[in-house]
Amino acid sequence: IWNPCSGLGGYVNDGVACLWGSTCEADVDVVAGLKPSDSLFKDYGTLNSQILKDHAAVEAAFNAHMHRAVDHKKVKRETREDVIHFTFSASGTGKKHERYWTAKEFARLDGATEGDRVVFPFLLDANAKKRTEGRFSMDAIEGTEFKGVGDKAALQAVVEEKAKQLKKKVPEKQVEIFVVHQNIIRYMFMRLMQFDTTAWLNFGGGNCTMTQLRIKRTGDVSCDFFGDHGSMMPVSHYTFNKSPDV
């Protein structure tokens with residue numbers, strides 16, 4: 001995200017996130033802790049129509065460009081892009097057991113060769129947490145009948161190769177650059193880092209600076225830098241910093 005007259009910035013999905021500031025100012029949220037005697041209290045001390053209007057605009061921008069509408073705790077196993085579909089059958093009953101596990105989760109199973117199949121003394125549950133004791137044989141991987149593998153190690157090698165193929169299907173990183181006012185940069189920074197947005201004014205960020213945020217595939221967000229300008233000039237030369245403290 002870049003702020004030409006107020007700061008720089010932007011962002012990348014599982015890559016580099018850059019937020020850049022521009023000339024269009026916004027009253028993005030109230031500011032917690034302001035007292036009536038503070039010069040900014042009139043504008044940001046209490047909720048007003050301008051804050052409501054601008055807050056709705058920046059929230060819409062956040063949801064459109066940065067929010068990932070995926071609740072990773074509620075995503076069903078079969079819809080995940082990092083899992084492999086396994087089919088097992090229980091010895092004796094022939095009951096089918098469908099599992100969607102990652103290669104690492106599958107590696108936790110113990111297996112022994114019996115004839116042309118690998119037999120397992122237990123299976124993990126659908127979430128790869130609890131064990132179900134018994135005798136289970138591998139029937140299929142990704143819907144393809146699977147027989148003739150010598151042992152568990154050879155089977156694991158096949159699973160690892162499947163996992164590599166899945167990784168190749170994952171979309172490449174996405175980079176977006178925004179030129180916006182520093183108020184918007186500060187608000188977006190707070191939202192992405194899951195901080196209290198009413199503390200947005202506690203962050204600085206001079207003119208012509210860049211903020212870089214990374215939205216990872218896991219949904220985690222990392223801030224590589226905030227309000228960075230790479231300049232050798234002292235902070236006092238930036239218009240957002242007129243305090244005698246700098």
# chains A, B, ... in the order shown; residues from 1 in each chain; ligands from 1
call {"tool": "residues_around", "arguments": {"residues": "A:Phe86", "least_positions_apart": "4", "cutoff": "10 Å", "atoms": "only C-alpha atoms", "output": "PyMOL selection string"}}
result
chain A and resi 97-101+106+138-144+146+159
call {"tool": "closest_residue", "arguments": {"among": "A:Phe178, A:Glu81, A:Met188, A:Ala126", "to": "A:Ala60", "atoms": "only C-alpha atoms"}}
result
A:Met188
call {"tool": "closest_residue", "arguments": {"among": "A:Ala112, A:Asn127, A:Asn63, A:Val30", "to": "A:Lys76", "atoms": "only C-alpha atoms"}}
result
A:Asn127
call {"tool": "decode", "arguments": {"residues": "stretch 193-205 of chain A", "atoms": "all heavy atoms", "output": "tab-separated table (two decimals), in the first residue's frame"}}
result
chain	number	residue	atom	x	y	z
A	193	MET	N	-4.18	-7.26	10.80
A	193	MET	CA	-3.44	-7.80	11.94
A	193	MET	C	-4.36	-8.16	13.12
A	193	MET	O	-3.90	-8.60	14.16
A	193	MET	CB	-2.38	-6.81	12.40
A	193	MET	CG	-1.33	-6.47	11.34
A	193	MET	SD	-0.43	-7.92	10.72
A	193	MET	CE	0.49	-8.39	12.17
A	194	GLN	N	-5.67	-7.93	12.95
A	194	GLN	CA	-6.68	-8.24	13.96
A	194	GLN	C	-6.47	-7.45	15.24
A	194	GLN	O	-6.65	-7.96	16.36
A	194	GLN	CB	-6.73	-9.75	14.24
A	194	GLN	CG	-7.07	-10.58	13.01
A	194	GLN	CD	-7.19	-12.05	13.30
A	194	GLN	OE1	-7.86	-12.43	14.26
A	194	GLN	NE2	-6.56	-12.89	12.50
A	195	PHE	N	-6.08	-6.17	15.07
A	195	PHE	CA	-5.95	-5.27	16.20
A	195	PHE	C	-7.23	-4.46	16.35
A	195	PHE	O	-8.07	-4.42	15.44
A	195	PHE	CB	-4.76	-4.31	16.01
A	195	PHE	CG	-3.42	-4.99	15.98
A	195	PHE	CD1	-2.36	-4.41	15.29
A	195	PHE	CD2	-3.20	-6.19	16.63
A	195	PHE	CE1	-1.11	-5.02	15.26
A	195	PHE	CE2	-1.97	-6.81	16.61
A	195	PHE	CZ	-0.92	-6.22	15.92
A	196	ASP	N	-7.37	-3.76	17.47
A	196	ASP	CA	-8.51	-2.87	17.70
A	196	ASP	C	-8.41	-1.69	16.74
A	196	ASP	O	-7.47	-0.88	16.84
A	196	ASP	CB	-8.49	-2.41	19.16
A	196	ASP	CG	-9.67	-1.50	19.49
A	196	ASP	OD1	-10.50	-1.23	18.60
A	196	ASP	OD2	-9.74	-1.07	20.65
A	197	THR	N	-9.37	-1.54	15.86
A	197	THR	CA	-9.28	-0.49	14.84
A	197	THR	C	-9.46	0.91	15.41
A	197	THR	O	-9.13	1.89	14.76
A	197	THR	CB	-10.33	-0.70	13.73
A	197	THR	OG1	-11.65	-0.76	14.30
A	197	THR	CG2	-10.04	-2.00	12.97
A	198	THR	N	-9.97	1.02	16.64
A	198	THR	CA	-10.11	2.36	17.24
A	198	THR	C	-8.76	2.91	17.69
A	198	THR	O	-8.68	4.05	18.15
A	198	THR	CB	-11.08	2.34	18.43
A	198	THR	OG1	-10.57	1.50	19.46
A	198	THR	CG2	-12.46	1.85	18.01
A	199	ALA	N	-7.69	2.11	17.55
A	199	ALA	CA	-6.35	2.58	17.89
A	199	ALA	C	-5.57	2.98	16.65
A	199	ALA	O	-4.35	3.17	16.70
A	199	ALA	CB	-5.59	1.50	18.65
A	200	TRP	N	-6.26	3.15	15.52
A	200	TRP	CA	-5.57	3.41	14.25
A	200	TRP	C	-4.74	4.69	14.26
A	200	TRP	O	-3.69	4.77	13.63
A	200	TRP	CB	-6.58	3.45	13.10
A	200	TRP	CG	-7.57	4.58	13.15
A	200	TRP	CD1	-8.78	4.59	13.77
A	200	TRP	CD2	-7.43	5.86	12.54
A	200	TRP	NE1	-9.41	5.80	13.60
A	200	TRP	CE2	-8.60	6.61	12.84
A	200	TRP	CE3	-6.44	6.48	11.77
A	200	TRP	CZ2	-8.81	7.91	12.41
A	200	TRP	CZ3	-6.65	7.78	11.33
A	200	TRP	CH2	-7.81	8.48	11.65
A	201	LEU	N	-5.17	5.69	15.00
A	201	LEU	CA	-4.46	6.96	15.00
A	201	LEU	C	-3.17	6.91	15.82
A	201	LEU	O	-2.35	7.82	15.78
A	201	LEU	CB	-5.36	8.08	15.52
A	201	LEU	CG	-4.96	9.52	15.16
A	201	LEU	CD1	-4.82	9.69	13.65
A	201	LEU	CD2	-5.98	10.51	15.71
A	202	ASN	N	-2.97	5.82	16.55
A	202	ASN	CA	-1.73	5.66	17.31
A	202	ASN	C	-0.55	5.28	16.42
A	202	ASN	O	0.59	5.29	16.88
A	202	ASN	CB	-1.90	4.59	18.39
A	202	ASN	CG	-2.87	5.02	19.49
A	202	ASN	OD1	-3.14	6.20	19.65
A	202	ASN	ND2	-3.41	4.06	20.23
A	203	PHE	N	-0.84	4.94	15.18
A	203	PHE	CA	0.21	4.58	14.23
A	203	PHE	C	0.52	5.78	13.34
A	203	PHE	O	-0.39	6.48	12.90
A	203	PHE	CB	-0.21	3.38	13.38
A	203	PHE	CG	-0.21	2.08	14.13
A	203	PHE	CD1	-1.29	1.73	14.92
A	203	PHE	CD2	0.88	1.23	14.04
A	203	PHE	CE1	-1.29	0.54	15.62
A	203	PHE	CE2	0.88	0.03	14.75
A	203	PHE	CZ	-0.19	-0.31	15.54
A	204	GLY	N	1.82	5.96	13.06
A	204	GLY	CA	2.22	7.08	12.22
A	204	GLY	C	2.16	6.72	10.75
A	204	GLY	O	1.14	6.30	10.23
A	205	GLY	N	3.29	6.86	10.09
A	205	GLY	CA	3.34	6.58	8.66
A	205	GLY	C	3.46	7.87	7.87
A	205	GLY	O	2.48	8.57	7.65
